[in-house]
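Undergrad: Once you've had a glance at the structure underneath, I'll fire off some questions.
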Amino acid sequence: MSWIKDIFDPQKRSWEEFYRNRWSHDKVVRSTHGVNCTGSCSWNIYVKNGIVVWELQALDYPIIDQEIAPYEPRGCQRGISYSWYIYSPLRVKYPYVRGVLLDLWRKARRQHENPLDAWQSIVSDPEARRKYQQARGKGGFRRSTWSEVNEIMAAANLHTVRRYGPDRIIGFSPIPAMSMISYAAGARFLQLMGGVALSFYDWYCDLPPASPEIWGEQTDVAESADWYHSKFIATVGSNVLMTRTPDAHFLVEARHRGTKVVVFSPDFSQTSKVGDLWIPIHQGQDGAFWMAVNHVILKECHVDRPVPGFVDYLKRYSDAPFLVVLEEQAEGRYRAGKLLRASQVEATSQVENAEWKMFMLDEESNALRMPKGMVGHRWQKQKGEWNLKLEDSLTGQPIKPTLHLLGKHEAILPVEFADFSLGTGDRASTRHVPVRYVETKEGRVAVTTVMELLFAQHGINRGTPGDWPADYSDDQQPYTPGWQERYTGVKASVVIEFAREWARTAEHTGGQCSVIIGAGVNHWYHNNLIYRAVINALMFCGCIGKNGGGLNHYVGQEKLVPQASWGPMAFATDWSGPPRQQNAPSFHYMHSDQWRYDRSFNEMCPVTDQAHPMARGHTADKQAMAVRCGWMPCYPQFDQSNLEVVKSAQAAGAKTDEEIIAFVVKQLKARKLRFAMEDPDHPECFPRVWYIWRGNALMSSAKGHEYFLKHYLGTHHNAIAEEVAKPDLQEVTWHDKVDLGKLDLVVDLNFRMDTSALYSDIVLPAATYYEKNDLNSTDMHSFIHPLQAAVPPCWESKSDWQIFRNLAEATSQMAAQHLPGVFKDIVASPLAHDTPAELAQPAVKDWAKGECEPIPGKTMPNLKVVARDYSRVFQKFVSFGPNVRTNGLAMHGTHYDIADVYDAYLKTNPVEQWSGQVYPSLREDKDACNVILHFAPETNGEFAYRAYESESHKTGIDHTHLAKDTRGVVYTFDDLILQPRRTLTTPFWTGITTGKRTYSAYCQNVEELIPWRTLTGRQHLYLDHEVYRAYGEHLPTYKPRAEAIRTRDLVHSKSGPGSMVLNLLTPHGKWHIHSTYGDTLRMKTLSRGVYPIWINDKDAAALGIEDNDWVEVFNDHGVVCTRSIVSARIPQRTCLIYHAPERTLSVPKSPERGNRRAGGHNSLTRARLKPLFMIGGYAQFTYGFNYWGPQGVNRDTFVIVKKLSQIKW
Amino acid sequence: MDVRAQIAMVFHLDKCIGCHTCSVACKNVWTDRSGAEYMWWNNVETKPGTGYPSVWENQEKYNGGWVINSEGELKLRCQTKASSYLKLFYNPFQATLDDYYEPWTYKYEDLFKAPLGDDQPTARPISLITGEPIDIKAGPNWDDDLSG
């Protein structure tokens, strides 16, 4: 009764004892969440009696600069709910197998001594196979044991290798940066098998293709503390206050300091609250606004009153001064062509890589100058010329680049500029452009500068003839402020005012304007054009590569900082290679058969020149061509097993690897051997075994989810779309009838029963983020964080590292007995970014059409013979292999040696010894963490120094000063536990974190004169590749978002009275990180207990829908049944379903689709690729995993919404 | 000091983004046990909305607010120190469960235990009070983000 005493003796406050006891705990452990939120927040996990009781934000981030607010506290409402999962009824506690399959397996196992034969007997029996495939997702799980599931998986792995070849085993796990060891676990195992890693960043549509287009960079952005240095911030398609929870304070604090904030958002988003100006722009039309902004900036700051800082910036850091050849068309008109090449000019045609060196015009002499720093210099024998000094690479003389030709022109020629405003490719304006003439080997050609083309493209009239806009208000000619009104719904005066304030701020601050940009823009089909318009506004005002300036694209946690040491571990190149790294968008488009429901892409994508083979037709054919030409990867590789292909070569007399490769090339050329993507529905080409871990591959990531269910899994689905590809198809083989259910086995590692787990054959209990050791990094800040086991994995769960290590062991043991020996596998890999293959294809030529010879690594994929010994997979898995010691480590083609440190490491760290060799041990997850930290330049200063030495050799400029002061710094896992540690400045990233500086992208390029990894080495305003020209996207332009009719989402789904067609948007939400956390009781309670659809109040009234009513949302791809939230915040004719619902929670059945269980948001989407992004072998347009390739766009989606009166469960 | 109640905290509203991290921290540490499901001692409200408990600002309904008594002192309207003890176990003006919300959970275990059927199982919401299926109509943050 102490509380009663309190009344008489309040000073003692003894009633508080109760609370003190409740607060008490035994230990606090630092960890974080591996969840692709980009947050990477350091958390303290509280443990009491061996139980995780709660988590709170860690408050010990080091201060970067007293002038800037600290990073702590980081952490959000989702992260702080994580501990709920550990002991929740949603936790996967044991290995589960669906009963149908388990019965089949146990029966087969009794009948077959050899487990491979047992597995074969099930999957080769059509009835048995159909039976367990159709049971997928329908309940009926049964608890199994680790030894049993390991045996099933090992048997499936080895049977698949034996029957179809190793590249029919695929794996999907996203975003390694969020828990890089866990990612590496499965990736390493799969590559040691010869299996396939599927990409994620492009598939998630988080990759902004504009970044490789302009910068040759996957993505590089400022850390959030750098926002504080910005004086003008525009947020575009990014809801910072909702989705960048731990970083939002920097935006508010910047504003307190006087930064102007302009929020572009079609809805009155949470971020609008901090906007000095909220611009309710129509969704997906931001490109029109920014093109008009650039119209104003070019006119006022580059013509009427050229701003010296802006002009100088373009000369040094962009391709604006480079010379473009004008190609004559019919009736004397011209079109912009390729950049003038050294190979075209007699005097320079003999220099090394002459086809890859270009020209500027010297301002004083009017002579051609070939500056340093181009892709041709990057890959030439003579090093030291790859830099951004404005010097002629032949003579070393300084160059004064010419931007404007007007006044020094030799002629004025009419040039055609496409206008896609109406969604068609046949409209063009003709505008006269000043040119000079150059004598080439092919004769005299007219050239102009990129800058002149930009003026003409943007409609900046400088007194030459042509179709010019009359003034800013002219709404007939693109891209004036008046023109953009009808697309954006924003007044011309707003554009003009914005552009002037923007430019004035940049002028007075030396480029401290920045854009925070996100999925709201990046998820549209033509996102690259929107991005380019935005980036150009930054470039025209000299804002990129500055603290407080630049493009800050935060979509996905793609930045894995210690990549140089992690990469070889994750993809097992420490043992062999090359790895099989498949871009998932192409893979899913082809293998989940979504291409069968698709027509010619020209409906979505107007182009100017349909004569080009990449600019018309069916996307599947473009994909097949991209594979043949070595642009995009293709796994499974061929329509035969790779092991069998090698055996055929050997049977035909091939002895050496070269002879095997020659045989394969011959077979391909004769078309006796074909790439699997040329006939994806042939059962020999099917992917067979799929491992999913750390991700929700079948639901939140599955654009075209219902097609996944139908074609991959062979189970129930709600798609009613028709297969319409055949008439548009020319190359890919069409089968009138296809086998549904391509996959023999789907395995999901998970701590929770999400949709992917529910539909998998085997579910493995994975450790949570508080039960394993791992590493986590992000681009939102410059620290690196550990995940730690606060408690051991509960029940029968294991860490991902342990699970795959054990699977490797089970597979190796089984192989020793049932699949012994060394097998020769042939690996085809695409032309790779950051290698000399960037110079492979100056022109598009298809060997299959006889346009050139098939030459591996040049006109077709690289081919390499790789030996596989399946009994050794486990030993290799736990040992950091010898290739890294021999070859050193590298990133972006910049290399450093590690042999001495590798040898020293063996003396004081855990090792593996076998076959007479000693290796650093990777047996435990913590060992793997320490190996990564010890060998990466971002966490070991010695290697940062060595990497800069290597970079300095390439550029001819000494950059080692950036690493000199931190040369002795080495982080261990234990250091990261003590306090967050800031990663070091290295040449593998472009920002600088030395001293008190905040990280901002491309500061190294600007300050150190290190070229961008592009064609000219500069930031690209102009993209001269022939496919870009055929698409009319060589210059920045505007293509409208798709209308409903063009998407063909609603051919068979009919709207009638009481229903309405809406544009479906799936922005990132408040109560989940993708699908994680969204199913926790905490988040569900704080939202509305369901994954709702948000609709406008007027639309709702017209539909007779009230707030919280149940509704049915459907199109030809599938259906969602959920409750509505009615809000005037949402613009009319749109609806929001926040990314990403689970269909496991509170989802009723759909009367619209035969009373089947309704699905999730991806039931309404489909994969739709833009083939432009498939090109390869050409400077920055060269394949990189998660780096370059088409994306899984999803915003151009339309649905019908109607009220759902009767709820059936 | 005779600390009886904390009646105010100061927030920088310009920095608050309504994320509810504080709400969950409070919930996890103090009110995460059975019987306390509906309790969110710390919650964050956005406007427009009726709040938690519903219409809590209605001083007529909850007999809330302050009055100045005949001596000119500021007093709670609902009770005096002495009368508060009489109302310990029943206060007619206290918000009831209906004013808060009926807490719920989901039959998560169905996802593991559902026998093989002809369609996909889904975890239905059930009341944490009755254990029966519930039609969710209210929650502690029902009006979140209705207007930015």
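In the structure tokens, chains take letters A, B, ... by order of appearance, with residues numbered from 1 within each chain and ligands from 1 in the order shown.
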Considering only C-alpha atoms, tabulate each residue of chain A that lies at most 7 Å from chain B along with its nearest interatomic pair and the corresponding distance in Å to one decimal; arrange the rows by chain and ascending residue number and present them as JSON lines.
TA:
```
{"residue": "A:Pro10", "atom": "CA", "partner": "B:Asp2", "partner_atom": "CA", "distance": 6.0}
{"residue": "A:Gln11", "atom": "CA", "partner": "B:Met1", "partner_atom": "CA", "distance": 6.7}
{"residue": "A:Trp54", "atom": "CA", "partner": "B:Asn28", "partner_atom": "CA", "distance": 6.2}
{"residue": "A:Cys76", "atom": "CA", "partner": "B:Thr21", "partner_atom": "CA", "distance": 5.2}
{"residue": "A:Gln77", "atom": "CA", "partner": "B:Thr21", "partner_atom": "CA", "distance": 3.9}
{"residue": "A:Ile80", "atom": "CA", "partner": "B:Val24", "partner_atom": "CA", "distance": 6.7}
{"residue": "A:Ser81", "atom": "CA", "partner": "B:Val24", "partner_atom": "CA", "distance": 6.8}
{"residue": "A:Pro89", "atom": "CA", "partner": "B:Tyr108", "partner_atom": "CA", "distance": 5.8}
{"residue": "A:Leu90", "atom": "CA", "partner": "B:Tyr108", "partner_atom": "CA", "distance": 5.7}
{"residue": "A:Gly137", "atom": "CA", "partner": "B:Gln120", "partner_atom": "CA", "distance": 5.4}
{"residue": "A:Lys138", "atom": "CA", "partner": "B:Gln120", "partner_atom": "CA", "distance": 4.4}
{"residue": "A:Gly139", "atom": "CA", "partner": "B:Leu116", "partner_atom": "CA", "distance": 4.7}
{"residue": "A:Gly140", "atom": "CA", "partner": "B:Leu116", "partner_atom": "CA", "distance": 3.9}
{"residue": "A:Phe141", "atom": "CA", "partner": "B:Phe112", "partner_atom": "CA", "distance": 6.3}
{"residue": "A:Leu241", "atom": "CA", "partner": "B:Ile17", "partner_atom": "CA", "distance": 6.0}
{"residue": "A:His249", "atom": "CA", "partner": "B:Lys15", "partner_atom": "CA", "distance": 6.2}
{"residue": "A:Val252", "atom": "CA", "partner": "B:Lys15", "partner_atom": "CA", "distance": 6.3}
{"residue": "A:Phe268", "atom": "CA", "partner": "B:Gly148", "partner_atom": "CA", "distance": 5.2}
{"residue": "A:Ser269", "atom": "CA", "partner": "B:Gly148", "partner_atom": "CA", "distance": 4.7}
{"residue": "A:Gln270", "atom": "CA", "partner": "B:Gly148", "partner_atom": "CA", "distance": 4.4}
{"residue": "A:Leu1081", "atom": "CA", "partner": "B:Thr105", "partner_atom": "CA", "distance": 6.4}
{"residue": "A:Thr1085", "atom": "CA", "partner": "B:Gly139", "partner_atom": "CA", "distance": 6.3}
{"residue": "A:Leu1086", "atom": "CA", "partner": "B:Asn141", "partner_atom": "CA", "distance": 5.2}
{"residue": "A:Ser1087", "atom": "CA", "partner": "B:Asn141", "partner_atom": "CA", "distance": 6.3}
{"residue": "A:Arg1088", "atom": "CA", "partner": "B:Trp142", "partner_atom": "CA", "distance": 6.2}
{"residue": "A:Gly1089", "atom": "CA", "partner": "B:Ile136", "partner_atom": "CA", "distance": 6.8}
{"residue": "A:Ser1127", "atom": "CA", "partner": "B:Leu146", "partner_atom": "CA", "distance": 5.6}
{"residue": "A:Arg1129", "atom": "CA", "partner": "B:Ser147", "partner_atom": "CA", "distance": 5.4}
{"residue": "A:Arg1143", "atom": "CA", "partner": "B:Thr122", "partner_atom": "CA", "distance": 7.0}
{"residue": "A:Thr1144", "atom": "CA", "partner": "B:Thr122", "partner_atom": "CA", "distance": 4.6}
{"residue": "A:Leu1145", "atom": "CA", "partner": "B:Ala123", "partner_atom": "CA", "distance": 4.8}
{"residue": "A:Ser1146", "atom": "CA", "partner": "B:Arg124", "partner_atom": "CA", "distance": 4.7}
{"residue": "A:Val1147", "atom": "CA", "partner": "B:Thr122", "partner_atom": "CA", "distance": 6.2}
{"residue": "A:Arg1156", "atom": "CA", "partner": "B:Asp119", "partner_atom": "CA", "distance": 6.8}
{"residue": "A:Arg1157", "atom": "CA", "partner": "B:Gln120", "partner_atom": "CA", "distance": 6.3}
```
Undergrad: Those same residues, written as a short mmCIF file (atom, residue, chain, number, x, y, z; two decimals), in the first residue's frame with N, CA, C and O atoms?
TA:
```
data_model
loop_
_atom_site.label_atom_id
_atom_site.label_comp_id
_atom_site.auth_asym_id
_atom_site.auth_seq_id
_atom_site.Cartn_x
_atom_site.Cartn_y
_atom_site.Cartn_z
N PRO A 10 4.69 12.36 0.62
CA PRO A 10 4.92 12.44 -0.83
C PRO A 10 6.38 12.63 -1.21
O PRO A 10 6.78 12.27 -2.31
N GLN A 11 7.20 13.17 -0.26
CA GLN A 11 8.59 13.42 -0.64
C GLN A 11 9.32 12.16 -1.05
O GLN A 11 10.23 12.17 -1.86
N TRP A 54 12.27 -3.93 -25.23
CA TRP A 54 11.96 -2.79 -26.08
C TRP A 54 13.25 -2.26 -26.69
O TRP A 54 14.34 -2.73 -26.34
N CYS A 76 12.41 5.68 -36.07
CA CYS A 76 11.03 6.06 -36.35
C CYS A 76 10.05 5.11 -35.69
O CYS A 76 10.43 4.16 -35.01
N GLN A 77 8.77 5.40 -35.92
CA GLN A 77 7.70 4.61 -35.32
C GLN A 77 7.72 3.16 -35.77
O GLN A 77 7.30 2.27 -35.02
N ILE A 80 10.84 1.36 -33.98
CA ILE A 80 10.66 1.15 -32.55
C ILE A 80 9.61 0.08 -32.27
O ILE A 80 9.46 -0.38 -31.13
N SER A 81 8.91 -0.37 -33.31
CA SER A 81 7.94 -1.45 -33.15
C SER A 81 8.54 -2.82 -33.45
O SER A 81 7.85 -3.83 -33.36
N PRO A 89 2.83 -13.90 -32.71
CA PRO A 89 2.28 -15.09 -33.38
C PRO A 89 2.57 -15.11 -34.88
O PRO A 89 2.25 -16.08 -35.54
N LEU A 90 3.18 -14.05 -35.40
CA LEU A 90 3.53 -14.01 -36.82
C LEU A 90 4.94 -14.57 -37.05
O LEU A 90 5.37 -14.74 -38.18
N GLY A 137 0.16 -21.41 -51.42
CA GLY A 137 -0.64 -20.28 -50.93
C GLY A 137 -1.97 -20.68 -50.33
O GLY A 137 -2.76 -19.80 -49.98
N LYS A 138 -2.24 -21.95 -50.23
CA LYS A 138 -3.57 -22.37 -49.74
C LYS A 138 -3.51 -23.01 -48.35
O LYS A 138 -4.39 -23.80 -47.99
N GLY A 139 -2.52 -22.68 -47.56
CA GLY A 139 -2.42 -23.25 -46.21
C GLY A 139 -1.79 -24.63 -46.26
O GLY A 139 -1.05 -24.97 -47.19
N GLY A 140 -2.06 -25.41 -45.22
CA GLY A 140 -1.57 -26.79 -45.21
C GLY A 140 -0.08 -26.92 -44.91
O GLY A 140 0.55 -27.88 -45.33
N PHE A 141 0.48 -25.96 -44.16
CA PHE A 141 1.89 -26.07 -43.78
C PHE A 141 2.07 -27.15 -42.72
O PHE A 141 1.18 -27.37 -41.89
N LEU A 241 8.80 14.26 -44.81
CA LEU A 241 8.31 14.18 -43.44
C LEU A 241 7.64 12.84 -43.12
O LEU A 241 7.54 12.43 -41.98
N HIS A 249 14.26 16.35 -39.70
CA HIS A 249 14.60 17.53 -38.90
C HIS A 249 15.59 18.44 -39.60
O HIS A 249 15.57 19.66 -39.41
N VAL A 252 13.68 20.91 -41.65
CA VAL A 252 13.08 21.96 -40.81
C VAL A 252 14.16 22.93 -40.33
O VAL A 252 14.00 24.15 -40.38
N PHE A 268 -1.80 17.20 -50.73
CA PHE A 268 -1.30 18.08 -49.66
C PHE A 268 -0.56 17.18 -48.67
O PHE A 268 -1.09 16.75 -47.65
N SER A 269 0.67 16.86 -49.02
CA SER A 269 1.43 15.86 -48.29
C SER A 269 1.90 16.43 -46.96
O SER A 269 1.86 17.63 -46.73
N GLN A 270 2.39 15.53 -46.10
CA GLN A 270 2.91 16.00 -44.80
C GLN A 270 4.04 16.99 -44.99
O GLN A 270 4.21 17.91 -44.19
N LEU A 1081 1.05 -5.35 -34.93
CA LEU A 1081 -0.14 -4.82 -34.25
C LEU A 1081 0.02 -3.33 -33.94
O LEU A 1081 -0.94 -2.57 -34.01
N THR A 1085 -2.59 -0.73 -35.47
CA THR A 1085 -3.44 -0.03 -34.51
C THR A 1085 -3.36 1.49 -34.73
O THR A 1085 -4.35 2.20 -34.61
N LEU A 1086 -2.16 1.95 -35.05
CA LEU A 1086 -2.00 3.40 -35.22
C LEU A 1086 -2.50 3.88 -36.59
O LEU A 1086 -2.61 5.07 -36.83
N SER A 1087 -2.74 2.94 -37.49
CA SER A 1087 -3.38 3.37 -38.75
C SER A 1087 -4.85 2.94 -38.64
O SER A 1087 -5.51 3.31 -37.69
N ARG A 1088 -5.34 2.16 -39.56
CA ARG A 1088 -6.77 1.85 -39.43
C ARG A 1088 -7.07 0.36 -39.46
O ARG A 1088 -8.14 -0.07 -39.87
N GLY A 1089 -6.06 -0.42 -39.13
CA GLY A 1089 -6.31 -1.85 -39.01
C GLY A 1089 -6.36 -2.58 -40.34
O GLY A 1089 -6.70 -3.76 -40.39
N SER A 1127 -10.53 11.59 -48.22
CA SER A 1127 -9.85 12.81 -47.78
C SER A 1127 -9.71 13.79 -48.93
O SER A 1127 -9.33 13.41 -50.04
N ARG A 1129 -7.43 15.70 -49.15
CA ARG A 1129 -5.99 15.78 -49.43
C ARG A 1129 -5.65 15.15 -50.77
O ARG A 1129 -4.68 15.54 -51.43
N ARG A 1143 -1.21 -9.60 -48.47
CA ARG A 1143 -2.54 -10.18 -48.62
C ARG A 1143 -2.82 -11.20 -47.51
O ARG A 1143 -3.81 -11.91 -47.56
N THR A 1144 -1.91 -11.24 -46.54
CA THR A 1144 -2.08 -12.16 -45.42
C THR A 1144 -2.99 -11.62 -44.34
O THR A 1144 -3.36 -12.33 -43.43
N LEU A 1145 -3.29 -10.32 -44.42
CA LEU A 1145 -3.90 -9.68 -43.27
C LEU A 1145 -5.22 -9.02 -43.64
O LEU A 1145 -5.23 -8.06 -44.40
N SER A 1146 -6.31 -9.55 -43.14
CA SER A 1146 -7.59 -8.86 -43.24
C SER A 1146 -8.02 -8.58 -44.68
O SER A 1146 -8.57 -7.53 -44.97
N VAL A 1147 -7.77 -9.54 -45.58
CA VAL A 1147 -8.17 -9.36 -46.97
C VAL A 1147 -9.36 -10.26 -47.29
O VAL A 1147 -9.24 -11.48 -47.26
N ARG A 1156 -12.69 -15.19 -55.13
CA ARG A 1156 -11.35 -15.59 -54.70
C ARG A 1156 -10.80 -14.53 -53.75
O ARG A 1156 -11.17 -13.37 -53.83
N ARG A 1157 -9.87 -14.96 -52.91
CA ARG A 1157 -9.21 -14.00 -52.02
C ARG A 1157 -8.58 -12.90 -52.86
O ARG A 1157 -7.89 -13.19 -53.87
#
```
Undergrad: Need the shell around Trp595 of chain A: protein/DNA/RNA residues with any atom at most 8 Å away, counting only C-alpha atoms. Skip same-chain ones fewer than 2 positions apart. Format as JSON, numbers by chain?
TA: {"A": [589, 590, 593, 597, 598, 599, 619, 620, 725]}
Undergrad: Let me see the file: selected residues, all heavy atoms, as a compact mmCIF listing (two decimals), in the first residue's frame.
TA:
```
# COMPACT_ATOMS: atom_id res chain seq x y z
N TYR A 589 9.95 -9.96 -66.53
CA TYR A 589 9.14 -9.66 -67.71
C TYR A 589 9.07 -10.88 -68.61
O TYR A 589 8.00 -11.24 -69.11
CB TYR A 589 9.75 -8.47 -68.46
CG TYR A 589 8.97 -8.03 -69.67
CD1 TYR A 589 7.76 -7.34 -69.52
CD2 TYR A 589 9.42 -8.29 -70.96
CE1 TYR A 589 7.04 -6.94 -70.63
CE2 TYR A 589 8.71 -7.88 -72.07
CZ TYR A 589 7.52 -7.20 -71.89
OH TYR A 589 6.79 -6.80 -72.99
N MET A 590 10.20 -11.53 -68.79
CA MET A 590 10.25 -12.68 -69.70
C MET A 590 9.74 -13.95 -69.03
O MET A 590 8.89 -14.65 -69.57
CB MET A 590 11.68 -12.89 -70.20
CG MET A 590 12.26 -11.72 -70.98
SD MET A 590 11.29 -11.21 -72.41
CE MET A 590 11.72 -12.48 -73.60
N ASP A 593 6.25 -14.42 -67.82
CA ASP A 593 5.40 -14.37 -69.01
C ASP A 593 4.56 -13.12 -69.11
O ASP A 593 3.55 -13.10 -69.83
CB ASP A 593 4.49 -15.61 -69.08
CG ASP A 593 5.22 -16.80 -69.71
OD1 ASP A 593 6.18 -16.57 -70.46
OD2 ASP A 593 4.83 -17.95 -69.42
N TYR A 597 1.31 -10.74 -72.33
CA TYR A 597 0.12 -9.89 -72.17
C TYR A 597 0.37 -8.47 -72.67
O TYR A 597 -0.41 -7.57 -72.43
CB TYR A 597 -0.31 -9.88 -70.70
CG TYR A 597 -0.52 -11.27 -70.14
CD1 TYR A 597 0.55 -12.00 -69.62
CD2 TYR A 597 -1.77 -11.87 -70.18
CE1 TYR A 597 0.37 -13.29 -69.14
CE2 TYR A 597 -1.96 -13.16 -69.69
CZ TYR A 597 -0.88 -13.86 -69.18
OH TYR A 597 -1.06 -15.14 -68.70
N ASP A 598 1.51 -8.28 -73.29
CA ASP A 598 1.97 -6.94 -73.65
C ASP A 598 2.01 -6.83 -75.18
O ASP A 598 2.17 -7.82 -75.88
CB ASP A 598 3.38 -6.73 -73.07
CG ASP A 598 3.74 -5.27 -72.94
OD1 ASP A 598 2.88 -4.41 -73.22
OD2 ASP A 598 4.88 -4.99 -72.55
N ARG A 599 1.86 -5.58 -75.65
CA ARG A 599 1.97 -5.33 -77.09
C ARG A 599 3.23 -4.53 -77.38
O ARG A 599 4.07 -4.36 -76.52
CB ARG A 599 0.77 -4.49 -77.55
CG ARG A 599 -0.54 -5.22 -77.53
CD ARG A 599 -1.64 -4.23 -77.83
NE ARG A 599 -2.95 -4.86 -77.72
CZ ARG A 599 -3.70 -5.20 -78.77
NH1 ARG A 599 -3.30 -4.94 -79.98
NH2 ARG A 599 -4.86 -5.78 -78.58
N THR A 619 8.57 -5.45 -76.76
CA THR A 619 9.65 -5.35 -75.78
C THR A 619 10.41 -6.67 -75.65
O THR A 619 11.63 -6.67 -75.45
CB THR A 619 9.07 -4.93 -74.41
OG1 THR A 619 8.27 -3.76 -74.60
CG2 THR A 619 10.16 -4.64 -73.42
N ALA A 620 9.72 -7.79 -75.77
CA ALA A 620 10.39 -9.09 -75.62
C ALA A 620 11.44 -9.28 -76.72
O ALA A 620 12.53 -9.81 -76.47
CB ALA A 620 9.36 -10.22 -75.67
N ALA A 725 0.45 -10.80 -77.30
CA ALA A 725 1.78 -10.47 -77.84
C ALA A 725 1.99 -10.93 -79.28
O ALA A 725 2.71 -10.31 -80.04
CB ALA A 725 2.86 -11.06 -76.94
```
Undergrad: Name all residues at most 6 Å from segment 101-113 of chain A (count only C-alpha atoms; drop same-chain ones fewer than 3 positions away) and give them as an MDAnalysis selection string.
TA: chainID A and resid 98 118 132
Undergrad: Can you spit out the residues from that selection as a CSV table (one decimal), in the first residue's frame, using N, CA and C atoms?
TA:
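Here's the written file selection_8.csv:
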```csv
chain,number,residue,atom,x,y,z
A,98,ARG,N,5.0,-27.3,-47.1
A,98,ARG,CA,3.6,-27.6,-47.3
A,98,ARG,C,3.4,-29.1,-47.3
A,118,ALA,N,15.1,-39.1,-55.8
A,118,ALA,CA,13.8,-38.9,-55.1
A,118,ALA,C,13.2,-37.6,-55.6
A,132,TYR,N,1.3,-30.3,-55.9
A,132,TYR,CA,1.9,-29.4,-54.8
A,132,TYR,C,2.0,-27.9,-55.3
```
Undergrad: Considering only C-alpha atoms, can you say which of A:Arg78, A:Lys703, A:Arg163, A:Arg671 comes closest to Met1083 of chain A?
TA: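 When distances to Met1083 of chain A are compared using only C-alpha atoms, the smallest one comes from A:Arg78.
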Undergrad: Once DSSP has gone over the backbone, tell me which residues of chain B are in alpha helix (DSSP H), as number ranges by chain.
TA: B: 21-30, 59-62, 81-86, 97-100, 110-113
Undergrad: Which one of A:Glu706, A:Glu385, A:Glu442, A:Glu223 sits closest to Asn547 of chain A if you count only C-alpha atoms?
TA: A:Glu223
Undergrad: Using only C-alpha atoms, pick whichever of A:Trp146, A:Trp566, A:Trp215, A:Phe943 has the shortest atom-to-atom distance to Tyr1002 of chain A.
TA: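 So, comparing all the options, the nearest one is A:Trp215.
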